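Colleague: mmCIF, C-alpha atoms and all ligand atoms, file my_file22.cif:
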data_coords
#
loop_
_atom_site.group_PDB
_atom_site.id
_atom_site.type_symbol
_atom_site.label_atom_id
_atom_site.label_comp_id
_atom_site.auth_asym_id
_atom_site.auth_seq_id
_atom_site.Cartn_x
_atom_site.Cartn_y
_atom_site.Cartn_z
ATOM 1 C CA MET A 30 8.145 170.519 118.010
ATOM 2 C CA THR A 31 8.969 171.690 121.469
ATOM 3 C CA ALA A 32 6.882 170.746 124.434
ATOM 4 C CA PRO A 33 5.789 173.771 126.439
ATOM 5 C CA ALA A 34 7.896 174.429 129.525
ATOM 6 C CA ALA A 35 5.223 173.213 131.874
ATOM 7 C CA HIS A 36 5.716 174.272 135.447
ATOM 8 C CA GLY A 37 7.374 171.530 137.460
ATOM 9 C CA ARG A 38 8.764 169.832 134.369
ATOM 10 C CA ARG A 39 12.277 168.439 134.606
ATOM 11 C CA CYS A 40 14.933 169.945 132.385
ATOM 12 C CA GLY A 41 18.489 168.960 131.545
ATOM 13 C CA ARG A 42 20.992 170.756 129.350
ATOM 14 C CA PHE A 43 24.286 170.615 127.499
ATOM 15 C CA ALA A 44 26.292 173.816 127.686
ATOM 16 C CA PRO A 45 29.365 173.763 125.415
ATOM 17 C CA SER A 46 31.793 176.641 125.067
ATOM 18 C CA PRO A 47 32.254 177.370 121.341
ATOM 19 C CA THR A 48 36.044 177.200 121.404
ATOM 20 C CA GLY A 49 36.416 174.407 118.851
ATOM 21 C CA PRO A 50 34.775 171.270 117.486
ATOM 22 C CA LEU A 51 33.288 168.659 119.825
ATOM 23 C CA HIS A 52 35.791 166.030 120.896
ATOM 24 C CA PHE A 53 35.219 162.730 122.645
ATOM 25 C CA GLY A 54 35.190 164.319 126.130
ATOM 26 C CA SER A 55 32.436 166.768 125.251
ATOM 27 C CA LEU A 56 30.503 164.043 123.412
ATOM 28 C CA VAL A 57 30.503 162.028 126.652
ATOM 29 C CA ALA A 58 28.938 164.976 128.529
ATOM 30 C CA ALA A 59 26.400 165.514 125.742
ATOM 31 C CA VAL A 60 25.419 161.827 125.606
ATOM 32 C CA ALA A 61 25.119 161.595 129.401
ATOM 33 C CA SER A 62 22.967 164.727 129.714
ATOM 34 C CA HIS A 63 20.795 163.733 126.734
ATOM 35 C CA ALA A 64 20.273 160.129 127.913
ATOM 36 C CA ASP A 65 19.523 161.293 131.437
ATOM 37 C CA ALA A 66 16.992 163.878 130.234
ATOM 38 C CA ARG A 67 15.270 161.433 127.889
ATOM 39 C CA ALA A 68 15.199 158.742 130.600
ATOM 40 C CA ARG A 69 13.492 161.226 132.950
ATOM 41 C CA HIS A 70 11.099 162.539 130.272
ATOM 42 C CA ALA A 71 12.769 165.879 130.785
ATOM 43 C CA GLN A 72 13.471 168.622 128.293
ATOM 44 C CA TRP A 73 17.002 168.732 126.941
ATOM 45 C CA ARG A 74 18.299 172.198 126.133
ATOM 46 C CA VAL A 75 21.504 173.407 124.516
ATOM 47 C CA ARG A 76 23.164 176.605 125.609
ATOM 48 C CA ILE A 77 26.192 178.068 123.846
ATOM 49 C CA GLU A 78 28.479 179.363 126.585
ATOM 50 C CA ASP A 79 30.175 182.180 124.734
ATOM 51 C CA VAL A 80 30.271 184.556 127.702
ATOM 52 C CA ASP A 81 34.048 184.699 127.292
ATOM 53 C CA VAL A 82 33.728 186.370 123.895
ATOM 54 C CA PRO A 83 37.472 186.582 123.114
ATOM 55 C CA ARG A 84 37.725 182.777 123.364
ATOM 56 C CA THR A 85 34.895 182.173 120.899
ATOM 57 C CA VAL A 86 36.031 180.556 117.659
ATOM 58 C CA ALA A 87 34.101 181.562 114.530
ATOM 59 C CA GLY A 88 32.037 178.672 113.197
ATOM 60 C CA ALA A 89 32.429 176.522 116.325
ATOM 61 C CA GLU A 90 28.794 176.911 117.373
ATOM 62 C CA GLU A 91 27.447 175.747 113.992
ATOM 63 C CA ASP A 92 29.940 172.907 114.000
ATOM 64 C CA ILE A 93 28.922 171.775 117.515
ATOM 65 C CA VAL A 94 25.196 171.921 116.746
ATOM 66 C CA ALA A 95 25.698 169.971 113.500
ATOM 67 C CA THR A 96 27.843 167.363 115.284
ATOM 68 C CA LEU A 97 25.207 166.929 117.979
ATOM 69 C CA ALA A 98 22.534 166.446 115.290
ATOM 70 C CA ARG A 99 24.710 163.890 113.476
ATOM 71 C CA HIS A 100 24.831 162.007 116.785
ATOM 72 C CA GLY A 101 21.046 162.141 117.119
ATOM 73 C CA MET A 102 20.850 164.937 119.703
ATOM 74 C CA VAL A 103 18.608 167.896 118.912
ATOM 75 C CA ALA A 104 17.755 170.530 121.511
ATOM 76 C CA ASP A 105 14.250 171.199 122.760
ATOM 77 C CA GLY A 106 13.460 174.865 122.328
ATOM 78 C CA SER A 107 15.715 177.460 120.835
ATOM 79 C CA ILE A 108 19.428 177.547 121.535
ATOM 80 C CA VAL A 109 20.429 180.176 124.076
ATOM 81 C CA ARG A 110 23.640 182.177 123.606
ATOM 82 C CA GLN A 111 25.287 183.784 126.595
ATOM 83 C CA SER A 112 26.646 186.634 124.463
ATOM 84 C CA ALA A 113 23.031 187.839 124.106
ATOM 85 C CA ARG A 114 22.276 187.758 127.825
ATOM 86 C CA THR A 115 24.505 190.471 129.277
ATOM 87 C CA ALA A 116 21.535 192.443 130.666
ATOM 88 C CA HIS A 117 20.501 189.425 132.759
ATOM 89 C CA TYR A 118 23.994 189.058 134.228
ATOM 90 C CA GLU A 119 24.104 192.769 134.951
ATOM 91 C CA ARG A 120 20.807 192.542 136.854
ATOM 92 C CA ALA A 121 22.047 189.546 138.843
ATOM 93 C CA VAL A 122 25.238 191.340 139.891
ATOM 94 C CA ALA A 123 23.151 194.381 140.841
ATOM 95 C CA ALA A 124 20.932 192.127 142.978
ATOM 96 C CA LEU A 125 23.991 190.637 144.683
ATOM 97 C CA ALA A 126 25.407 194.124 145.258
ATOM 98 C CA ALA A 127 22.104 195.345 146.695
ATOM 99 C CA ARG A 128 22.367 192.756 149.420
ATOM 100 C CA GLY A 129 25.978 193.645 150.156
ATOM 101 C CA ALA A 130 27.272 190.350 148.811
ATOM 102 C CA THR A 131 29.831 191.850 146.420
ATOM 103 C CA TYR A 132 32.760 194.247 146.428
ATOM 104 C CA GLU A 133 35.010 195.848 143.857
ATOM 105 C CA CYS A 134 38.540 194.509 143.579
ATOM 106 C CA ALA A 135 41.476 196.474 142.203
ATOM 107 C CA CYS A 136 44.152 193.779 142.455
ATOM 108 C CA THR A 137 46.245 193.196 139.362
ATOM 109 C CA ARG A 138 47.099 189.763 138.033
ATOM 110 C CA ALA A 139 50.663 190.108 139.316
ATOM 111 C CA GLU A 140 49.429 191.021 142.801
ATOM 112 C CA LEU A 141 47.021 188.091 142.785
ATOM 113 C CA ALA A 142 49.791 185.705 141.783
ATOM 114 C CA LEU A 143 51.962 186.932 144.647
ATOM 115 C CA ALA A 144 49.316 187.112 147.348
ATOM 116 C CA SER A 145 47.061 184.123 146.688
ATOM 117 C CA ALA A 146 47.480 180.681 148.148
ATOM 118 C CA VAL A 147 46.873 177.835 145.715
ATOM 119 C CA ASP A 148 44.303 175.274 146.793
ATOM 120 C CA PRO A 149 46.145 171.944 146.481
ATOM 121 C CA ALA A 150 42.974 170.036 145.557
ATOM 122 C CA SER A 151 41.842 172.238 142.665
ATOM 123 C CA GLY A 152 45.071 174.025 141.765
ATOM 124 C CA GLU A 153 43.041 177.241 141.853
ATOM 125 C CA ARG A 154 44.158 180.473 143.443
ATOM 126 C CA VAL A 155 42.301 181.403 146.604
ATOM 127 C CA TYR A 156 41.797 185.175 146.830
ATOM 128 C CA PRO A 157 43.296 186.506 150.089
ATOM 129 C CA GLY A 158 40.649 189.218 150.535
ATOM 130 C CA THR A 159 42.878 192.254 149.927
ATOM 131 C CA CYS A 160 40.002 194.511 148.786
ATOM 132 C CA ARG A 161 37.256 192.950 150.926
ATOM 133 C CA ASP A 162 36.929 195.916 153.267
ATOM 134 C CA GLY A 163 37.517 198.526 150.590
ATOM 135 C CA VAL A 164 40.258 199.023 148.051
ATOM 136 C CA PRO A 165 43.459 199.700 150.038
ATOM 137 C CA ALA A 166 45.122 203.101 149.688
ATOM 138 C CA GLY A 167 47.382 203.162 146.680
ATOM 139 C CA HIS A 168 45.048 200.933 144.652
ATOM 140 C CA ALA A 169 42.211 203.411 144.505
ATOM 141 C CA ALA A 170 43.410 205.306 141.446
ATOM 142 C CA ARG A 171 43.126 202.254 139.225
ATOM 143 C CA THR A 172 40.123 202.094 136.968
ATOM 144 C CA ALA A 173 39.907 198.416 136.006
ATOM 145 C CA ARG A 174 37.784 196.730 138.628
ATOM 146 C CA ALA A 175 36.597 193.190 138.997
ATOM 147 C CA THR A 176 33.556 192.456 141.135
ATOM 148 C CA ARG A 177 33.867 189.639 143.640
ATOM 149 C CA VAL A 178 31.229 187.873 145.661
ATOM 150 C CA ARG A 179 31.797 187.324 149.359
ATOM 151 C CA VAL A 180 31.821 183.701 150.455
ATOM 152 C CA GLY A 181 31.997 184.416 154.179
ATOM 153 C CA THR A 182 32.227 181.246 156.216
ATOM 154 C CA ALA A 183 29.860 179.231 154.037
ATOM 155 C CA THR A 184 30.488 175.500 153.779
ATOM 156 C CA ILE A 185 28.528 174.121 150.860
ATOM 157 C CA ALA A 186 27.662 170.452 150.503
ATOM 158 C CA PHE A 187 25.699 168.581 147.860
ATOM 159 C CA GLU A 188 24.996 164.976 146.932
ATOM 160 C CA ASP A 189 26.296 164.234 143.476
ATOM 161 C CA ARG A 190 24.258 161.498 141.775
ATOM 162 C CA VAL A 191 27.473 159.660 140.863
ATOM 163 C CA GLN A 192 30.316 161.044 142.931
ATOM 164 C CA GLY A 193 28.381 161.080 146.214
ATOM 165 C CA HIS A 194 28.842 163.624 148.991
ATOM 166 C CA VAL A 195 30.856 166.713 148.020
ATOM 167 C CA GLU A 196 31.657 169.453 150.480
ATOM 168 C CA GLN A 197 33.682 172.645 150.246
ATOM 169 C CA ALA A 198 34.574 175.353 152.735
ATOM 170 C CA LEU A 199 34.405 178.207 150.268
ATOM 171 C CA ALA A 200 36.705 180.521 152.237
ATOM 172 C CA THR A 201 39.661 178.123 152.081
ATOM 173 C CA ASP A 202 38.835 176.179 148.904
ATOM 174 C CA ALA A 203 37.742 179.000 146.605
ATOM 175 C CA GLY A 204 37.847 182.402 148.312
ATOM 176 C CA ASP A 205 35.766 185.420 147.305
ATOM 177 C CA PHE A 206 35.401 184.824 143.581
ATOM 178 C CA VAL A 207 34.959 187.018 140.522
ATOM 179 C CA VAL A 208 31.475 187.515 139.072
ATOM 180 C CA ARG A 209 32.407 190.393 136.747
ATOM 181 C CA ARG A 210 35.906 190.489 135.343
ATOM 182 C CA SER A 211 38.087 193.566 135.133
ATOM 183 C CA ASP A 212 37.554 193.583 131.328
ATOM 184 C CA GLY A 213 33.822 194.003 131.981
ATOM 185 C CA LEU A 214 32.849 190.474 130.940
ATOM 186 C CA TYR A 215 30.760 188.390 133.306
ATOM 187 C CA ALA A 216 32.338 185.293 134.793
ATOM 188 C CA TYR A 217 31.306 181.762 133.857
ATOM 189 C CA GLN A 218 30.320 181.031 137.496
ATOM 190 C CA LEU A 219 27.735 183.802 137.431
ATOM 191 C CA ALA A 220 26.450 183.308 133.875
ATOM 192 C CA VAL A 221 25.889 179.572 134.289
ATOM 193 C CA VAL A 222 23.845 180.101 137.463
ATOM 194 C CA VAL A 223 21.726 182.886 135.985
ATOM 195 C CA ASP A 224 21.078 180.861 132.818
ATOM 196 C CA ASP A 225 20.298 177.555 134.524
ATOM 197 C CA GLY A 226 17.872 179.503 136.725
ATOM 198 C CA ALA A 227 16.232 181.294 133.774
ATOM 199 C CA GLU A 228 15.863 178.056 131.805
ATOM 200 C CA ARG A 229 14.532 176.262 134.890
ATOM 201 C CA VAL A 230 17.164 173.554 134.580
ATOM 202 C CA THR A 231 16.512 170.898 137.215
ATOM 203 C CA ASP A 232 19.198 168.314 136.361
ATOM 204 C CA ILE A 233 22.793 169.255 135.605
ATOM 205 C CA VAL A 234 24.888 166.516 134.020
ATOM 206 C CA ARG A 235 28.425 167.522 133.016
ATOM 207 C CA GLY A 236 32.117 166.658 133.272
ATOM 208 C CA ALA A 237 33.763 166.189 136.657
ATOM 209 C CA ASP A 238 36.248 168.975 135.829
ATOM 210 C CA LEU A 239 33.420 171.281 136.963
ATOM 211 C CA ILE A 240 32.708 169.577 140.268
ATOM 212 C CA ALA A 241 34.968 171.993 142.178
ATOM 213 C CA SER A 242 32.947 174.909 140.743
ATOM 214 C CA THR A 243 29.614 173.512 141.892
ATOM 215 C CA PRO A 244 29.746 174.793 145.513
ATOM 216 C CA ARG A 245 30.421 178.325 144.207
ATOM 217 C CA GLN A 246 27.437 177.990 141.902
ATOM 218 C CA ILE A 247 25.215 176.757 144.742
ATOM 219 C CA HIS A 248 26.397 179.725 146.830
ATOM 220 C CA LEU A 249 25.251 182.080 144.043
ATOM 221 C CA GLN A 250 21.930 180.230 143.659
ATOM 222 C CA ARG A 251 21.251 180.768 147.339
ATOM 223 C CA LEU A 252 22.165 184.451 147.215
ATOM 224 C CA LEU A 253 19.955 184.938 144.144
ATOM 225 C CA GLY A 254 17.067 182.883 145.529
ATOM 226 C CA LEU A 255 17.231 180.306 142.728
ATOM 227 C CA PRO A 256 16.261 176.654 143.163
ATOM 228 C CA GLU A 257 19.116 174.160 143.483
ATOM 229 C CA PRO A 258 19.321 171.617 140.647
ATOM 230 C CA THR A 259 20.513 168.033 141.043
ATOM 231 C CA TYR A 260 24.083 167.327 139.936
ATOM 232 C CA LEU A 261 25.666 164.393 138.163
ATOM 233 C CA HIS A 262 29.342 164.724 137.233
ATOM 234 C CA VAL A 263 30.654 162.176 134.742
ATOM 235 C CA PRO A 264 34.320 161.217 134.420
ATOM 236 C CA VAL A 265 36.417 163.461 132.234
ATOM 237 C CA ALA A 266 38.132 161.788 129.269
ATOM 238 C CA ILE A 267 41.910 162.095 129.453
ATOM 239 C CA THR A 268 44.804 161.244 127.161
ATOM 240 C CA ALA A 269 47.221 158.380 127.818
ATOM 241 C CA SER A 270 49.510 160.913 129.515
ATOM 242 C CA GLY A 271 46.739 162.083 131.832
ATOM 243 C CA GLU A 272 45.685 165.412 130.299
ATOM 244 C CA LYS A 273 42.047 166.392 129.841
ATOM 245 C CA LEU A 274 41.073 166.212 126.170
ATOM 246 C CA SER A 275 40.942 169.690 124.769
ATOM 247 C CA LYS A 276 42.017 171.681 121.771
ATOM 248 C CA GLN A 277 45.265 172.337 123.637
ATOM 249 C CA THR A 278 46.056 168.600 123.883
ATOM 250 C CA GLY A 279 45.204 168.305 120.193
ATOM 251 C CA ALA A 280 42.092 166.192 120.816
ATOM 252 C CA SER A 281 40.881 164.858 117.492
ATOM 253 C CA ALA A 282 37.500 166.084 116.274
ATOM 254 C CA LEU A 283 34.941 163.286 116.117
ATOM 255 C CA GLY A 284 35.124 161.132 112.998
ATOM 256 C CA ARG A 285 32.328 160.402 110.536
ATOM 257 C CA ASP A 286 31.167 157.182 112.218
ATOM 258 C CA ALA A 287 28.638 158.705 114.620
ATOM 259 C CA LEU A 288 27.280 155.362 115.791
ATOM 260 C CA ALA A 289 30.766 154.137 116.727
ATOM 261 C CA SER A 290 31.434 157.352 118.678
ATOM 262 C CA LEU A 291 28.092 157.050 120.479
ATOM 263 C CA ALA A 292 28.847 153.447 121.399
ATOM 264 C CA ALA A 293 32.306 154.447 122.675
ATOM 265 C CA ALA A 294 30.830 157.273 124.806
ATOM 266 C CA TRP A 295 28.176 154.874 126.113
ATOM 267 C CA ALA A 296 30.816 152.288 127.089
ATOM 268 C CA PHE A 297 32.973 155.042 128.673
ATOM 269 C CA LEU A 298 29.929 155.854 130.843
ATOM 270 C CA GLY A 299 29.817 152.227 132.031
ATOM 271 C CA GLN A 300 26.522 151.560 130.258
ATOM 272 C CA PRO A 301 25.614 148.083 128.925
ATOM 273 C CA ALA A 302 26.092 147.410 125.195
ATOM 274 C CA LEU A 303 22.988 147.991 123.062
ATOM 275 C CA PRO A 304 23.039 145.206 120.462
ATOM 276 C CA ALA A 305 19.821 146.421 118.806
ATOM 277 C CA ALA A 306 21.303 149.847 118.131
ATOM 278 C CA ASP A 307 22.401 149.503 114.509
ATOM 279 C CA SER A 308 21.843 153.158 113.605
ATOM 280 C CA VAL A 309 21.945 156.497 115.406
ATOM 281 C CA ASP A 310 18.134 156.611 115.553
ATOM 282 C CA ALA A 311 17.977 153.041 116.836
ATOM 283 C CA PHE A 312 20.579 153.938 119.468
ATOM 284 C CA TRP A 313 18.418 156.740 120.864
ATOM 285 C CA ALA A 314 15.309 154.587 120.653
ATOM 286 C CA VAL A 315 16.787 152.204 123.229
ATOM 287 C CA ALA A 316 19.452 154.169 125.145
ATOM 288 C CA PRO A 317 17.159 156.150 127.492
ATOM 289 C CA GLY A 318 15.461 152.925 128.654
ATOM 290 C CA ALA A 319 18.841 151.336 129.348
ATOM 291 C CA TRP A 320 20.411 154.411 131.005
ATOM 292 C CA ASP A 321 21.635 153.498 134.468
ATOM 293 C CA PRO A 322 23.568 156.244 136.298
ATOM 294 C CA THR A 323 24.571 153.779 139.043
ATOM 295 C CA ARG A 324 26.885 152.129 136.482
ATOM 296 C CA ILE A 325 28.827 155.317 135.726
ATOM 297 C CA PRO A 326 32.394 154.964 137.052
ATOM 298 C CA ARG A 327 32.782 156.932 140.259
ATOM 299 C CA THR A 328 35.993 158.585 139.237
ATOM 300 C CA TYR A 329 36.917 162.070 138.088
ATOM 301 C CA ALA A 330 38.884 161.010 135.032
ATOM 302 C CA ALA A 331 39.347 158.006 132.761
ATOM 303 C CA PRO A 332 41.365 157.447 129.568
ATOM 304 C CA ALA A 333 39.548 157.977 126.273
ATOM 305 C CA PRO A 334 39.462 154.929 123.987
ATOM 306 C CA ARG A 335 42.245 154.572 121.419
ATOM 307 C CA GLY A 336 41.721 156.672 118.341
ATOM 308 C CA LEU A 337 39.389 159.087 120.126
ATOM 309 C CA ALA A 338 41.943 160.990 122.186
HETATM 310 N N1 LIG B 401 30.703 175.670 129.212
HETATM 311 C C1 LIG B 401 31.323 174.711 130.069
HETATM 312 C C2 LIG B 401 32.330 173.896 129.304
HETATM 313 O O1 LIG B 401 32.213 173.776 128.085
HETATM 314 C C3 LIG B 401 30.330 173.760 130.698
HETATM 315 C C4 LIG B 401 29.535 174.421 131.725
HETATM 316 C C5 LIG B 401 28.545 173.558 132.453
HETATM 317 O O2 LIG B 401 28.171 172.479 131.982
HETATM 318 O O3 LIG B 401 28.106 174.015 133.502
HETATM 319 O O4 LIG B 401 33.234 173.351 129.911
#
Could I get this structure in the form of structure tokens?
Modeller:
Amino acid sequence: MTAPAAHGRRCGRFAPSPTGPLHFGSLVAAVASHADARARHAQWRVRIEDVDVPRTVAGAEEDIVATLARHGMVADGSIVRQSARTAHYERAVAALAARGATYECACTRAELALASAVDPASGERVYPGTCRDGVPAGHAARTARATRVRVGTATIAFEDRVQGHVEQALATDAGDFVVRRSDGLYAYQLAVVVDDGAERVTDIVRGADLIASTPRQIHLQRLLGLPEPTYLHVPVAITASGEKLSKQTGASALGRDALASLAAAWAFLGQPALPAADSVDAFWAVAPGAWDPTRIPRTYAAPAPRGLA
């Protein structure tokens, strides 16, 4: 049974991309967001972030939802899929355009690679603004157009519940960024903001690999008049050689021992051992009461335990 979305109620969420089975790194984000929501008597929602349709792997969504359930985590309310929400993204981009916050960009990938500086902190390309005042002559005949949002001179700061004060000058750290891609798909940065707003998410708990995206998302929230959630970024699990766990690094899917995986994720989050938790249900009976975000390591990345990388 789902509690009604009472006004003013807190809400957390887990928002996996269905590109493969859950691995230890995504389990850590799921456990942290679930424990935090339950500790705050908040709703906990699951959203399948399949906005990048070509990256979606058939069967991954079902696999993720079943793995979450096996680890004792079941969403409140129905699961939202980004692939069904295009009309909402379209309206949001139209609203941004109506206030002059966007422009069409005709740059090709090759031009972007040549012209963009790379931000040393994030490794991301910072758009140099080629099309900001209109597509330059010679580009105009091209049909494929991305839509970018202007960042102007905005400096965005927020207080992360674990990582502390985070601040970004968007112009130098991100640049005008894409909200609708040249292939017509909406960008993650836009979709996540529209969806968190629509679901009235108040508490975002996720991996620290997304911390550099957060100022861009706050910028969009402000332009769209959406409330700003709280943020808590947990360390990302990395391999012994320092790579983020992912399908690309061959991260192993979670094994059958759900309780052992939960305990490993809990320890990775710096939380005290739960001796009474001798089953998955018993784990979730005690974990929210023991959840202490001040014990989460204040680092962006930490090695996954042996056997789970
Ligand atoms: N879909 C993103 C991912 O799987 C997470 C987005 C978010 O939590 O905001 O990395």
Colleague: Just the residues within 9 Å of range 203-215 of chain A, please, counting only C-alpha atoms, with nothing from its chain fewer than 2 positions along; format it as number ranges by chain.
Modeller: A: 80-82, 115, 118-119, 122, 131, 134-135, 148, 151, 153-158, 161, 172-181, 197-201, 217-220, 241-242, 245
Colleague: List all protein, DNA and RNA residues that have an atom no more than 8 Å from any atom of ligand LIG 401 (chain B), counting all atoms listed in the file, and report them as a PyMOL selection string.
Modeller: chain A and resi 42-47+55+77-79+217+221+233-236+238-239
Colleague: Any chance you could work out the residue set of the PyMOL selection byres (((chain A and resi 100-111) around 6) and not hetatm) here, as a tab-separated table (two decimals) with C-alpha atoms, in the frame of the given file?
Modeller:
chain	number	residue	atom	x	y	z
A	31	THR	CA	8.97	171.69	121.47
A	73	TRP	CA	17.00	168.73	126.94
A	74	ARG	CA	18.30	172.20	126.13
A	75	VAL	CA	21.50	173.41	124.52
A	76	ARG	CA	23.16	176.60	125.61
A	77	ILE	CA	26.19	178.07	123.85
A	78	GLU	CA	28.48	179.36	126.58
A	79	ASP	CA	30.18	182.18	124.73
A	80	VAL	CA	30.27	184.56	127.70
A	97	LEU	CA	25.21	166.93	117.98
A	98	ALA	CA	22.53	166.45	115.29
A	99	ARG	CA	24.71	163.89	113.48
A	112	SER	CA	26.65	186.63	124.46
A	113	ALA	CA	23.03	187.84	124.11
A	114	ARG	CA	22.28	187.76	127.82
A	287	ALA	CA	28.64	158.71	114.62
A	309	VAL	CA	21.94	156.50	115.41
Colleague: For the PyMOL selection byres (((chain A and resi 298) around 9) and not hetatm), applied here, can you spell out every residue it catches as JSON, numbers by chain?
Modeller: {"A": [57, 61, 263, 264, 293, 294, 295, 296, 297, 299, 300, 322, 324, 325, 326]}
Colleague: Would you please work out which residue, of A:Glu272, A:Asp202, A:Asp321, A:Asp286, is nearest to Thr243 in chain A when using all atoms listed in the file?
Modeller: A:Asp202
Colleague: State, in Å with one decimal place, the distance from CA of Val222 in chain A to CA of Ala123 in chain A.
Modeller: 14.7 Å
Colleague: Please, what distance in Å, to one decimal, runs between CA of Val230 in chain A and CA of Ala333 in chain A?
Modeller: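 Interatomic distance here is 28.5 Å.
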Colleague: So which one's closest to Arg229 in chain A, A:Leu141, A:Leu291, A:Leu249, A:Leu255? Using all atoms listed in the file, please.
Modeller: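 That would be A:Leu255, the residue with the smallest distance to Arg229 in chain A.
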Colleague: Excluding same-chain residues fewer than 2 positions from Pro256 in chain A, what lies within 9 Å of it counting all atoms listed in the file, as a count of residues only?
Modeller: 7
Colleague: Would you mind writing range 68-86 of chain A with N, CA and C atoms, as a PDB file, keeping the file's coordinate frame?
Modeller:
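Result file follows (selection-v4.pdb):
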ATOM      1  N   ALA A  68      15.634 159.788 129.659  1.00  0.00           N
ATOM      2  CA  ALA A  68      15.199 158.742 130.600  1.00  0.00           C
ATOM      3  C   ALA A  68      14.219 159.310 131.625  1.00  0.00           C
ATOM      4  N   ARG A  69      14.372 160.609 131.950  1.00  0.00           N
ATOM      5  CA  ARG A  69      13.492 161.226 132.950  1.00  0.00           C
ATOM      6  C   ARG A  69      12.332 161.979 132.311  1.00  0.00           C
ATOM      7  N   HIS A  70      12.151 161.806 131.005  1.00  0.00           N
ATOM      8  CA  HIS A  70      11.099 162.539 130.272  1.00  0.00           C
ATOM      9  C   HIS A  70      11.231 164.035 130.517  1.00  0.00           C
ATOM     10  N   ALA A  71      12.476 164.466 130.552  1.00  0.00           N
ATOM     11  CA  ALA A  71      12.769 165.879 130.785  1.00  0.00           C
ATOM     12  C   ALA A  71      13.043 166.560 129.454  1.00  0.00           C
ATOM     13  N   GLN A  72      12.998 167.883 129.454  1.00  0.00           N
ATOM     14  CA  GLN A  72      13.471 168.622 128.293  1.00  0.00           C
ATOM     15  C   GLN A  72      14.993 168.524 128.253  1.00  0.00           C
ATOM     16  N   TRP A  73      15.547 168.685 127.072  1.00  0.00           N
ATOM     17  CA  TRP A  73      17.002 168.732 126.941  1.00  0.00           C
ATOM     18  C   TRP A  73      17.339 169.983 126.144  1.00  0.00           C
ATOM     19  N   ARG A  74      18.018 170.915 126.774  1.00  0.00           N
ATOM     20  CA  ARG A  74      18.299 172.198 126.133  1.00  0.00           C
ATOM     21  C   ARG A  74      19.790 172.311 125.817  1.00  0.00           C
ATOM     22  N   VAL A  75      20.106 173.130 124.856  1.00  0.00           N
ATOM     23  CA  VAL A  75      21.504 173.407 124.516  1.00  0.00           C
ATOM     24  C   VAL A  75      21.742 174.904 124.686  1.00  0.00           C
ATOM     25  N   ARG A  76      22.790 175.198 125.402  1.00  0.00           N
ATOM     26  CA  ARG A  76      23.164 176.605 125.609  1.00  0.00           C
ATOM     27  C   ARG A  76      24.612 176.792 125.166  1.00  0.00           C
ATOM     28  N   ILE A  77      24.840 177.780 124.321  1.00  0.00           N
ATOM     29  CA  ILE A  77      26.192 178.068 123.846  1.00  0.00           C
ATOM     30  C   ILE A  77      26.836 179.038 124.835  1.00  0.00           C
ATOM     31  N   GLU A  78      27.866 178.568 125.520  1.00  0.00           N
ATOM     32  CA  GLU A  78      28.479 179.363 126.585  1.00  0.00           C
ATOM     33  C   GLU A  78      29.627 180.199 126.018  1.00  0.00           C
ATOM     34  N   ASP A  79      29.205 181.280 125.359  1.00  0.00           N
ATOM     35  CA  ASP A  79      30.175 182.180 124.734  1.00  0.00           C
ATOM     36  C   ASP A  79      30.302 183.476 125.533  1.00  0.00           C
ATOM     37  N   VAL A  80      30.153 183.354 126.872  1.00  0.00           N
ATOM     38  CA  VAL A  80      30.271 184.556 127.702  1.00  0.00           C
ATOM     39  C   VAL A  80      31.680 185.133 127.621  1.00  0.00           C
ATOM     40  N   ASP A  81      32.663 184.257 127.428  1.00  0.00           N
ATOM     41  CA  ASP A  81      34.048 184.699 127.292  1.00  0.00           C
ATOM     42  C   ASP A  81      34.294 184.956 125.798  1.00  0.00           C
ATOM     43  N   VAL A  82      33.766 186.087 125.330  1.00  0.00           N
ATOM     44  CA  VAL A  82      33.728 186.370 123.895  1.00  0.00           C
ATOM     45  C   VAL A  82      35.095 186.222 123.205  1.00  0.00           C
ATOM     46  N   PRO A  83      36.182 186.707 123.824  1.00  0.00           N
ATOM     47  CA  PRO A  83      37.472 186.582 123.114  1.00  0.00           C
ATOM     48  C   PRO A  83      37.888 185.133 122.843  1.00  0.00           C
ATOM     49  N   ARG A  84      37.346 184.184 123.587  1.00  0.00           N
ATOM     50  CA  ARG A  84      37.725 182.777 123.364  1.00  0.00           C
ATOM     51  C   ARG A  84      36.860 182.094 122.303  1.00  0.00           C
ATOM     52  N   THR A  85      35.806 182.782 121.869  1.00  0.00           N
ATOM     53  CA  THR A  85      34.895 182.173 120.899  1.00  0.00           C
ATOM     54  C   THR A  85      35.583 182.013 119.544  1.00  0.00           C
ATOM     55  N   VAL A  86      35.431 180.834 118.957  1.00  0.00           N
ATOM     56  CA  VAL A  86      36.031 180.556 117.659  1.00  0.00           C
ATOM     57  C   VAL A  86      34.914 180.620 116.608  1.00  0.00           C
TER      58      VAL A  86
END
